[in-house]
Structure formats: C-alpha cells, structure tokens
file model_37.csv (CSV, C-alpha atoms)
chain,number,residue,atom,x,y,z
A,5,MET,CA,87.9,85.8,61.6
A,6,ARG,CA,84.3,84.6,61.2
A,7,THR,CA,83.6,83.6,64.8
A,8,SER,CA,82.0,85.9,67.3
A,9,ALA,CA,80.7,83.6,70.0
A,10,PRO,CA,80.9,80.0,71.3
A,11,GLY,CA,79.2,77.3,69.3
A,12,GLN,CA,80.9,78.4,66.0
A,13,SER,CA,83.6,75.8,65.5
A,14,ALA,CA,82.2,75.3,62.0
A,15,LEU,CA,83.0,78.9,61.2
A,16,LEU,CA,86.4,78.5,62.7
A,17,MET,CA,86.8,75.5,60.4
A,18,ALA,CA,85.9,77.9,57.5
A,19,ASP,CA,88.7,80.2,58.6
A,20,VAL,CA,91.2,77.4,59.0
A,21,ALA,CA,90.2,75.8,55.6
A,22,GLU,CA,91.0,79.1,53.8
A,23,LEU,CA,94.4,79.2,55.6
A,24,LEU,CA,95.1,75.6,54.7
A,25,SER,CA,94.3,76.4,51.0
A,26,LYS,CA,96.5,79.4,51.2
A,27,GLN,CA,99.4,77.2,52.4
A,28,GLY,CA,98.6,74.6,49.8
A,29,VAL,CA,97.8,72.0,52.4
A,30,ARG,CA,95.2,69.4,51.3
A,31,TYR,CA,92.6,68.4,53.8
A,32,ALA,CA,89.1,66.8,54.2
A,33,VAL,CA,86.6,67.9,56.8
A,34,ILE,CA,85.4,64.8,58.7
A,35,GLY,CA,83.5,64.3,62.0
A,36,ALA,CA,80.2,66.1,62.9
A,37,MET,CA,80.5,68.6,60.1
A,38,ALA,CA,80.9,65.9,57.4
A,39,ALA,CA,78.0,64.0,59.1
A,40,ALA,CA,75.8,67.1,58.7
A,41,VAL,CA,76.7,67.4,55.0
A,42,HIS,CA,75.8,63.7,54.5
A,43,GLY,CA,72.5,63.9,56.5
A,44,ILE,CA,73.1,63.7,60.2
A,45,VAL,CA,72.7,67.1,61.8
A,46,ARG,CA,73.9,66.9,65.4
A,47,ALA,CA,75.6,69.5,67.4
A,48,SER,CA,79.3,69.2,68.3
A,49,LEU,CA,81.7,71.5,70.2
A,50,ASP,CA,84.5,71.0,67.8
A,51,ALA,CA,85.2,70.5,64.1
A,52,ASP,CA,87.6,68.0,62.6
A,53,ALA,CA,89.6,67.6,59.5
A,54,VAL,CA,92.3,65.3,58.3
A,55,VAL,CA,95.3,66.9,56.6
A,56,ALA,CA,97.9,65.5,54.2
A,57,LEU,CA,101.0,66.4,56.3
A,58,GLN,CA,103.7,64.7,58.2
A,59,VAL,CA,104.1,65.7,61.9
A,60,ARG,CA,107.3,67.7,61.2
A,61,GLU,CA,105.5,69.7,58.5
A,62,ALA,CA,102.7,70.4,61.0
A,63,LEU,CA,105.2,72.4,63.0
A,64,ALA,CA,105.5,75.0,60.2
A,65,LEU,CA,101.7,75.0,59.9
A,66,ARG,CA,101.3,75.6,63.6
A,67,GLN,CA,103.7,78.6,63.5
A,68,PHE,CA,101.7,80.0,60.6
A,69,LEU,CA,98.4,79.7,62.6
A,70,ILE,CA,100.0,81.3,65.6
A,71,GLU,CA,101.1,84.2,63.5
A,72,GLU,CA,97.5,84.5,62.2
A,73,GLY,CA,96.3,84.9,65.9
A,74,TYR,CA,95.2,81.4,66.8
A,75,GLU,CA,95.9,79.5,70.0
A,76,THR,CA,97.4,76.1,69.0
A,77,ALA,CA,98.7,72.9,70.5
A,78,LEU,CA,100.4,70.1,68.6
A,79,ARG,CA,100.2,66.6,70.2
A,80,THR,CA,101.7,63.4,68.9
A,81,GLY,CA,100.3,59.9,69.2
A,82,ASP,CA,102.0,56.7,70.3
A,83,VAL,CA,103.6,54.4,67.7
A,84,ASP,CA,100.4,52.3,67.5
A,85,ASP,CA,98.0,55.2,67.6
A,86,PRO,CA,96.0,55.5,64.4
A,87,VAL,CA,96.4,59.3,64.6
A,88,PRO,CA,100.1,60.2,64.4
A,89,GLY,CA,99.6,63.8,65.4
A,90,LEU,CA,96.8,66.2,66.3
A,91,LEU,CA,97.0,70.0,65.9
A,92,GLU,CA,94.4,71.8,68.1
A,93,ILE,CA,93.3,75.2,67.0
A,94,LYS,CA,91.3,77.5,69.3
A,95,ASP,CA,89.9,81.0,69.1
A,96,ARG,CA,89.1,83.3,72.0
A,97,HIS,CA,85.5,82.1,72.2
A,98,GLY,CA,86.5,78.5,72.9
A,99,ASN,CA,85.7,77.3,69.4
A,100,ARG,CA,88.0,74.5,68.4
A,101,VAL,CA,89.2,72.7,65.3
A,102,ASP,CA,91.2,69.5,65.5
A,103,LEU,CA,93.4,68.8,62.5
A,104,LEU,CA,94.4,65.1,62.3
A,105,ILE,CA,97.9,65.0,61.0
A,106,GLY,CA,97.4,61.9,58.8
A,107,LEU,CA,95.4,58.9,59.7
A,108,ARG,CA,97.0,55.5,59.5
A,109,GLY,CA,95.0,53.1,57.3
A,110,MET,CA,93.3,56.0,55.5
A,111,ASP,CA,93.1,55.7,51.7
A,112,PRO,CA,95.2,58.6,50.5
A,113,GLU,CA,92.9,59.0,47.5
A,114,LEU,CA,90.2,60.1,49.9
A,115,LEU,CA,91.5,63.6,49.4
A,116,ASP,CA,90.8,63.4,45.7
A,117,ARG,CA,87.1,62.4,46.4
A,118,THR,CA,86.1,65.3,48.6
A,119,ARG,CA,82.9,67.2,48.1
A,120,GLN,CA,83.0,71.0,48.0
A,121,VAL,CA,80.4,72.7,50.2
A,122,ARG,CA,80.1,76.4,50.8
A,123,LEU,CA,79.8,77.8,54.3
A,124,ALA,CA,80.0,81.5,55.2
A,125,GLU,CA,81.6,82.4,51.8
A,126,ALA,CA,84.3,79.7,52.3
A,127,ILE,CA,84.5,76.6,50.2
A,128,LEU,CA,85.1,73.5,52.3
A,129,GLU,CA,86.5,70.2,51.1
A,130,VAL,CA,84.3,67.6,52.9
A,131,VAL,CA,85.0,63.9,52.9
A,132,GLY,CA,82.9,62.1,50.3
A,133,ARG,CA,79.8,60.1,51.3
A,134,GLU,CA,81.3,56.7,50.6
A,135,ASP,CA,84.5,57.5,52.4
A,136,PHE,CA,82.5,58.9,55.3
A,137,ILE,CA,80.6,55.6,55.6
A,138,ALA,CA,83.9,53.6,55.4
A,139,MET,CA,85.5,55.8,58.1
A,140,LYS,CA,82.5,55.4,60.4
A,141,ALA,CA,82.5,51.6,59.9
A,142,PHE,CA,86.2,51.7,60.4
A,143,ALA,CA,85.9,53.5,63.8
A,144,GLY,CA,83.4,50.8,64.8
A,145,GLY,CA,81.7,52.3,67.8
A,146,PRO,CA,77.9,52.0,68.3
A,147,VAL,CA,77.2,55.6,67.3
A,148,ASP,CA,79.7,55.4,64.4
A,149,LEU,CA,77.9,52.4,63.0
A,150,ALA,CA,74.5,54.0,63.5
A,151,ASP,CA,75.7,57.1,61.6
A,152,ALA,CA,77.1,54.9,58.8
A,153,ARG,CA,73.7,53.1,58.5
A,154,ALA,CA,71.7,56.4,58.7
A,155,VAL,CA,73.8,57.9,55.8
A,156,ILE,CA,73.3,54.7,53.7
A,157,ASP,CA,69.5,54.8,54.4
A,158,LEU,CA,69.3,58.4,53.4
A,159,ASP,CA,70.0,57.6,49.8
A,160,ARG,CA,70.9,54.0,49.0
A,161,GLY,CA,70.3,54.3,45.3
A,162,SER,CA,73.2,56.8,44.8
A,163,LEU,CA,75.8,55.0,46.8
A,164,ASP,CA,78.9,54.4,44.7
A,165,LEU,CA,80.3,51.1,46.0
A,166,LYS,CA,83.2,51.1,43.6
A,167,LEU,CA,85.0,54.1,45.1
A,168,PRO,CA,85.7,52.8,48.6
A,169,SER,CA,87.0,49.5,47.3
A,170,SER,CA,90.3,51.2,46.8
A,171,CYS,CA,90.6,51.7,50.6
A,172,ARG,CA,90.7,47.9,50.9
A,173,THR,CA,94.4,47.9,50.1
A,174,SER,CA,95.1,50.2,53.0
A,175,CYS,CA,92.9,48.2,55.5
A,176,ARG,CA,94.1,45.4,57.7
A,177,PRO,CA,91.9,42.3,57.1
A,178,ALA,CA,90.1,42.7,60.4
A,179,GLN,CA,89.3,46.3,59.6
A,180,TRP,CA,88.0,45.4,56.2
A,181,ALA,CA,85.9,42.7,57.7
A,182,ALA,CA,84.4,45.2,60.2
A,183,ILE,CA,83.5,47.5,57.3
A,184,GLN,CA,81.8,44.8,55.4
A,185,ARG,CA,79.9,43.6,58.5
A,186,ALA,CA,78.7,47.1,59.3
A,187,ILE,CA,77.5,47.8,55.8
A,188,TYR,CA,76.4,44.3,54.6
A,189,ARG,CA,73.0,44.2,56.2
A,190,ARG,CA,72.1,47.5,54.7
A,191,LEU,CA,72.8,46.4,51.2
A,192,GLN,CA,71.1,43.0,51.0
A,193,PRO,CA,69.0,42.4,48.0
A,194,GLY,CA,65.4,43.2,48.5
A,195,ARG,CA,66.2,46.2,50.8
A,196,GLY,CA,66.6,48.7,48.0
A,197,ALA,CA,70.2,48.1,47.1
A,198,ARG,CA,71.9,46.5,44.2
A,199,ALA,CA,72.4,42.8,44.5
A,200,ASN,CA,75.9,41.1,44.8
A,201,THR,CA,77.8,44.4,45.3
A,202,ILE,CA,79.8,44.8,48.3
A,203,TRP,CA,83.0,46.9,48.9
B,12,MET,CA,58.2,47.4,71.2
B,13,LYS,CA,58.3,49.4,67.9
B,14,SER,CA,56.0,52.4,67.5
B,15,GLN,CA,54.4,52.8,64.1
B,16,LEU,CA,54.0,56.5,64.9
B,17,ALA,CA,57.6,57.0,65.8
B,18,GLU,CA,58.7,55.1,62.7
B,19,ALA,CA,56.5,57.2,60.5
B,20,ALA,CA,57.9,60.4,62.1
B,21,ARG,CA,61.5,59.2,61.6
B,22,ARG,CA,60.7,58.5,57.9
B,23,ARG,CA,59.2,61.9,57.4
B,24,LEU,CA,62.3,63.5,59.1
B,25,THR,CA,64.6,61.5,56.8
B,26,GLU,CA,62.6,62.7,53.8
B,27,ASP,CA,63.0,66.3,55.0
B,28,VAL,CA,66.7,65.9,55.4
B,29,ARG,CA,67.0,64.3,52.0
B,30,ARG,CA,65.4,67.3,50.4
B,31,MET,CA,67.9,69.7,52.0
B,32,THR,CA,71.0,70.7,50.1
B,33,ALA,CA,74.5,70.0,51.6
B,34,GLU,CA,74.8,73.8,52.3
B,35,GLN,CA,71.5,73.9,54.1
B,36,ARG,CA,72.5,70.9,56.2
B,37,LEU,CA,75.8,72.6,57.1
B,38,ALA,CA,73.9,75.8,58.0
B,39,ALA,CA,71.5,73.8,60.2
B,40,PHE,CA,74.5,72.2,61.9
B,41,LEU,CA,76.0,75.6,62.7
B,42,ALA,CA,72.7,76.9,64.0
B,43,HIS,CA,72.3,73.7,66.2
B,44,CYS,CA,75.8,74.1,67.6
B,45,GLN,CA,75.1,77.8,68.4
B,46,LEU,CA,71.9,77.0,70.1
B,47,MET,CA,73.5,74.2,72.1
B,48,ALA,CA,76.3,76.6,73.2
B,49,GLN,CA,73.7,79.1,74.3
B,50,LEU,CA,71.8,76.5,76.2
B,51,ARG,CA,75.1,75.3,77.9
B,52,SER,CA,75.9,78.9,78.8
B,53,ALA,CA,72.4,79.5,80.2
B,54,GLY,CA,72.7,76.2,82.2
B,55,GLY,CA,76.0,77.3,83.7
B,56,ALA,CA,74.5,80.7,84.6
B,57,ILE,CA,71.6,79.1,86.5
B,58,GLN,CA,74.0,76.8,88.4
B,59,HIS,CA,76.1,79.7,89.5
B,60,ARG,CA,73.2,81.8,90.7
B,61,PRO,CA,73.6,82.5,94.5
B,62,GLY,CA,71.3,80.3,96.6
B,63,HIS,CA,70.5,78.0,93.6
B,64,ALA,CA,70.6,74.4,94.8
B,65,VAL,CA,71.8,72.0,92.1
B,66,PRO,CA,70.6,68.5,92.5
B,67,ARG,CA,73.4,66.0,93.0
B,68,ASN,CA,72.3,64.1,90.0
B,69,ALA,CA,71.8,67.2,87.8
B,70,ASP,CA,73.8,65.8,85.0
call {"tool": "encode", "arguments": {"input": "model_37.csv", "output": "structure tokens"}}
result
Amino acid sequence: MRTSAPGQSALLMADVAELLSKQGVRYAVIGAMAAAVHGIVRASLDADAVVALQVREALALRQFLIEEGYETALRTGDVDDPVPGLLEIKDRHGNRVDLLIGLRGMDPELLDRTRQVRLAEAILEVVGREDFIAMKAFAGGPVDLADARAVIDLDRGSLDLKLPSSCRTSCRPAQWAAIQRAIYRRLQPGRGARANTIW
Amino acid sequence: MKSQLAEAARRRLTEDVRRMTAEQRLAAFLAHCQLMAQLRSAGGAIQHRPGHAVPRNAD
C-alpha cells in the first residue's frame, strides 16, 4: 500500500488502479483527480473512478479488495439514480476511493479515450479532456460548469470537438442541450475557437 | 466590479498551469490534499485543546 497518512486518497487510487488492472477491470479516473490532470488543482478528500462493471460483478471485486486488506462498502442506487452502484474503498488512514459501478448515460467509448498518467509508479487511466468537459457539463452544477469552462479556457486550440459527439447518442435531449449551453459561449467565433463547430 | 490586477494574476496562473505536465499537476493535487488534511487535523487539535473556546460560528 502506498498510503501512510490522511490526505492520500490519490495514492489509494494508485493502489486500486493496479488491482483493477490485475483483475482486468476497465476504469477511468474522474472527479478531482481528473480535474487536476486537466488543469484544475483543488484538494479533495476522496478520489473517484468509473468502472465497466455490472453491480453483480462488483460483488466479486469487493471480495477481492477485502482480501487485499481494504475496508469496503457496496451501495446500490435507486432505479432512476444515474449511478447504479457505488463501491467505497477505505484504508486505515481514512483515505477513500469511490468506484462508480457504471454511470447511466455515459458514452461507453469513454473508456477507450482515457489518458495515461503516472503517479507514484502506477499508470492511471484518466478520463480524457473532452469527456471530462462533457461530464462536467452533464452534471450541471455551478462548480461543474465553472470547471468545464476553466478546462476549455486552458487550451481551446487543442480541444477535439469530434470525440464527444459520440456521447450524443447516449444523452437524453435535455442533457445534450445542457452540454451545448454550457460549452457554446466558450466556443463562439472571435473568442479563440473554431467557428461553426459544436458537439 | 472587475479588477484588472486580479484578472492579470488569474491569467498568469493559467499560464503556469498550462506549462505543467499532467504528472506535475497530479503531484500538485496530491501535495495539496496532504496539506489540507494536515490543516484539518491541526484545526481539530486546536478545537479539542482544554480551555480553548471555539466561536459558535467557527465554521
């Protein structure tokens, strides 16, 4: 285990990421860690990832993590909850990783577009920049939208607008409209972005 | 009212972040979290010191 004190949930994520890879479970780091990778460095008490598993498969993963010495809890969401299940993983220092067992409306190809980033000798699969922006716009809270805009502003020129268009098929119309609203103002002609391109 | 100074400082900060690699940003994130955890722990220790009065609106 890499952790030795509180405030090291990112290192716990590095441990968990290695265990997920060992089990052949595909995942993408999201949340505050992904925000840091994409330019918004802000402390968080936990670390999050989305995993490509069904809730029943998560039971076996939970057992594996218990055998590896972690404290875990598996919670399931309501029928209309966008998160079908959540596997909480804690160490003895209070560090915590939340694994989202799927995410309704998420583009499954998101897991093919992760960015590999090294942390403490582990290779982490981090959600791609465009998918991160789409997820933030999707969440729709004031801080989420501010994060999405900040990541766009950090490097507008390199934004690949074609990639997230595939998530359109998995969005409800209202969600797609929210993503467009959140992003549109940042991509108007004359503000440094390509004209006439929108997800 | 918008502050030109604050805007310029924000732009400089954005430039600094842009120059960092993803690994450096992640390392900065980890350091920030560790510092915040230490600060939280120190705050808790002060609050629990005998005779230390904590203002009701301390949060």
call {"tool": "closest_residue", "arguments": {"input": "model_37.csv", "among": "A:Glu92, A:Arg100, A:Arg79, A:Asp157", "to": "chain B", "atoms": "all atoms listed in the file"}}
result
A:Asp157
call {"tool": "interface_residues", "arguments": {"input": "model_37.csv", "of": "chain A", "to": "chain B", "cutoff": "10 Å", "atoms": "only C-alpha atoms", "output": "number ranges by chain"}}
result
A: 9-15, 36-50, 119-124, 154-155, 157-159
call {"tool": "residues_around", "arguments": {"input": "model_37.csv", "residues": "Val131 (chain A)", "least_positions_apart": "2", "cutoff": "8 Å", "atoms": "all atoms listed in the file", "output": "list in words"}}
result
Ala32, Val33, Ile34, Ala38, Leu114, Leu115, Arg117, Thr118, Arg119, Glu129, Arg133, Asp135 and Phe136 of chain A
call {"tool": "write_last_selection", "arguments": {"input": "model_37.csv", "atoms": "C-alpha atoms", "output": "compact mmCIF listing (two decimals), in the coordinates of the input"}}
result
# COMPACT_ATOMS: atom_id res chain seq x y z
CA ALA A 32 89.10 66.80 54.20
CA VAL A 33 86.60 67.90 56.80
CA ILE A 34 85.40 64.80 58.70
CA ALA A 38 80.90 65.90 57.40
CA LEU A 114 90.20 60.10 49.90
CA LEU A 115 91.50 63.60 49.40
CA ARG A 117 87.10 62.40 46.40
CA THR A 118 86.10 65.30 48.60
CA ARG A 119 82.90 67.20 48.10
CA GLU A 129 86.50 70.20 51.10
CA ARG A 133 79.80 60.10 51.30
CA ASP A 135 84.50 57.50 52.40
CA PHE A 136 82.50 58.90 55.30
call {"tool": "atom_distance", "arguments": {"input": "model_37.csv", "atom1": "CA of Met110 (chain A)", "atom2": "CA of Val29 (chain A)"}}
result
16.9 Å
call {"tool": "residues_around", "arguments": {"input": "model_37.csv", "residues": "Arg30 (chain A)", "least_positions_apart": "5", "cutoff": "12 Å", "atoms": "only C-alpha atoms", "output": "ChimeraX atom specification"}}
result
/A:20-25,53-58,103-106,112-118,128-131
call {"tool": "atom_distance", "arguments": {"input": "model_37.csv", "atom1": "CA of Gly89 (chain A)", "atom2": "CA of Gly109 (chain A)"}}
result
14.2 Å
call {"tool": "atom_distance", "arguments": {"input": "model_37.csv", "atom1": "CA of Ala152 (chain A)", "atom2": "CA of Val101 (chain A)"}}
result
22.5 Å
call {"tool": "residues_around", "arguments": {"input": "model_37.csv", "residues": "Arg108 (chain A)", "least_positions_apart": "3", "cutoff": "8 Å", "atoms": "all atoms listed in the file", "output": "PyMOL selection string"}}
result
chain A and resi 86-88
call {"tool": "decode", "arguments": {"input": "model_37.csv", "residues": "region 130-169 of chain A", "atoms": "N, CA and C atoms", "output": "compact mmCIF listing (two decimals), in the first residue's frame"}}
result
# COMPACT_ATOMS: atom_id res chain seq x y z
N VAL A 130 -6.95 8.03 -16.92
CA VAL A 130 -7.71 9.21 -16.52
C VAL A 130 -8.65 9.60 -17.66
N VAL A 131 -9.86 9.96 -17.32
CA VAL A 131 -10.84 10.34 -18.35
C VAL A 131 -10.25 11.44 -19.25
N GLY A 132 -10.50 11.34 -20.53
CA GLY A 132 -9.96 12.31 -21.49
C GLY A 132 -10.54 13.71 -21.27
N ARG A 133 -9.85 14.68 -21.83
CA ARG A 133 -10.21 16.08 -21.59
C ARG A 133 -11.62 16.40 -22.08
N GLU A 134 -11.92 15.99 -23.31
CA GLU A 134 -13.23 16.31 -23.87
C GLU A 134 -14.34 15.60 -23.11
N ASP A 135 -14.08 14.35 -22.72
CA ASP A 135 -15.08 13.62 -21.94
C ASP A 135 -15.25 14.24 -20.55
N PHE A 136 -14.15 14.73 -20.00
CA PHE A 136 -14.24 15.39 -18.69
C PHE A 136 -15.14 16.63 -18.80
N ILE A 137 -14.95 17.40 -19.86
CA ILE A 137 -15.77 18.60 -20.05
C ILE A 137 -17.24 18.22 -20.22
N ALA A 138 -17.47 17.18 -21.01
CA ALA A 138 -18.86 16.74 -21.23
C ALA A 138 -19.49 16.25 -19.92
N MET A 139 -18.72 15.51 -19.12
CA MET A 139 -19.25 15.00 -17.85
C MET A 139 -19.59 16.15 -16.91
N LYS A 140 -18.74 17.16 -16.89
CA LYS A 140 -18.98 18.31 -16.01
C LYS A 140 -20.22 19.08 -16.47
N ALA A 141 -20.32 19.27 -17.77
CA ALA A 141 -21.49 19.97 -18.30
C ALA A 141 -22.76 19.15 -18.03
N PHE A 142 -22.62 17.87 -18.12
CA PHE A 142 -23.69 16.91 -17.87
C PHE A 142 -24.18 17.03 -16.41
N ALA A 143 -23.22 17.13 -15.48
CA ALA A 143 -23.56 17.24 -14.05
C ALA A 143 -24.31 18.55 -13.80
N GLY A 144 -23.83 19.62 -14.42
CA GLY A 144 -24.61 20.84 -14.50
C GLY A 144 -24.62 21.78 -13.30
N GLY A 145 -23.96 21.45 -12.21
CA GLY A 145 -23.92 22.36 -11.06
C GLY A 145 -23.03 23.56 -11.36
N PRO A 146 -23.13 24.63 -10.56
CA PRO A 146 -22.33 25.83 -10.83
C PRO A 146 -20.83 25.55 -10.84
N VAL A 147 -20.36 24.76 -9.89
CA VAL A 147 -18.92 24.46 -9.84
C VAL A 147 -18.53 23.57 -11.02
N ASP A 148 -19.42 22.62 -11.37
CA ASP A 148 -19.15 21.74 -12.51
C ASP A 148 -18.98 22.56 -13.78
N LEU A 149 -19.89 23.51 -13.99
CA LEU A 149 -19.83 24.32 -15.21
C LEU A 149 -18.59 25.22 -15.21
N ALA A 150 -18.26 25.76 -14.03
CA ALA A 150 -17.05 26.60 -13.93
C ALA A 150 -15.81 25.75 -14.26
N ASP A 151 -15.80 24.50 -13.79
CA ASP A 151 -14.67 23.61 -14.08
C ASP A 151 -14.58 23.34 -15.58
N ALA A 152 -15.74 23.05 -16.19
CA ALA A 152 -15.75 22.78 -17.64
C ALA A 152 -15.20 23.97 -18.40
N ARG A 153 -15.62 25.16 -18.02
CA ARG A 153 -15.15 26.36 -18.73
C ARG A 153 -13.66 26.59 -18.50
N ALA A 154 -13.22 26.36 -17.26
CA ALA A 154 -11.80 26.57 -16.96
C ALA A 154 -10.93 25.62 -17.78
N VAL A 155 -11.37 24.38 -17.93
CA VAL A 155 -10.59 23.41 -18.72
C VAL A 155 -10.59 23.80 -20.20
N ILE A 156 -11.71 24.30 -20.68
CA ILE A 156 -11.75 24.78 -22.08
C ILE A 156 -10.78 25.95 -22.25
N ASP A 157 -10.84 26.89 -21.31
CA ASP A 157 -10.02 28.10 -21.42
C ASP A 157 -8.53 27.80 -21.36
N LEU A 158 -8.20 26.72 -20.69
CA LEU A 158 -6.79 26.41 -20.51
C LEU A 158 -6.09 26.15 -21.85
N ASP A 159 -6.81 25.53 -22.78
CA ASP A 159 -6.21 25.27 -24.08
C ASP A 159 -7.30 25.02 -25.12
N ARG A 160 -7.89 26.10 -25.58
CA ARG A 160 -9.01 25.95 -26.53
C ARG A 160 -8.58 25.35 -27.86
N GLY A 161 -7.38 25.73 -28.28
CA GLY A 161 -6.92 25.32 -29.61
C GLY A 161 -6.86 23.81 -29.80
N SER A 162 -6.56 23.08 -28.71
CA SER A 162 -6.35 21.64 -28.86
C SER A 162 -7.62 20.83 -28.58
N LEU A 163 -8.71 21.50 -28.33
CA LEU A 163 -9.95 20.78 -27.99
C LEU A 163 -10.45 20.00 -29.21
N ASP A 164 -10.65 18.71 -29.03
CA ASP A 164 -11.14 17.87 -30.12
C ASP A 164 -12.66 17.75 -30.00
N LEU A 165 -13.35 18.51 -30.80
CA LEU A 165 -14.81 18.56 -30.69
C LEU A 165 -15.50 17.35 -31.31
N LYS A 166 -14.77 16.59 -32.09
CA LYS A 166 -15.42 15.45 -32.74
C LYS A 166 -15.64 14.29 -31.77
N LEU A 167 -14.69 14.10 -30.86
CA LEU A 167 -14.78 12.93 -29.97
C LEU A 167 -16.06 12.89 -29.14
N PRO A 168 -16.41 13.97 -28.43
CA PRO A 168 -17.59 13.85 -27.57
C PRO A 168 -18.90 13.76 -28.35
N SER A 169 -18.86 14.01 -29.65
CA SER A 169 -20.12 13.94 -30.39
C SER A 169 -20.71 12.53 -30.32
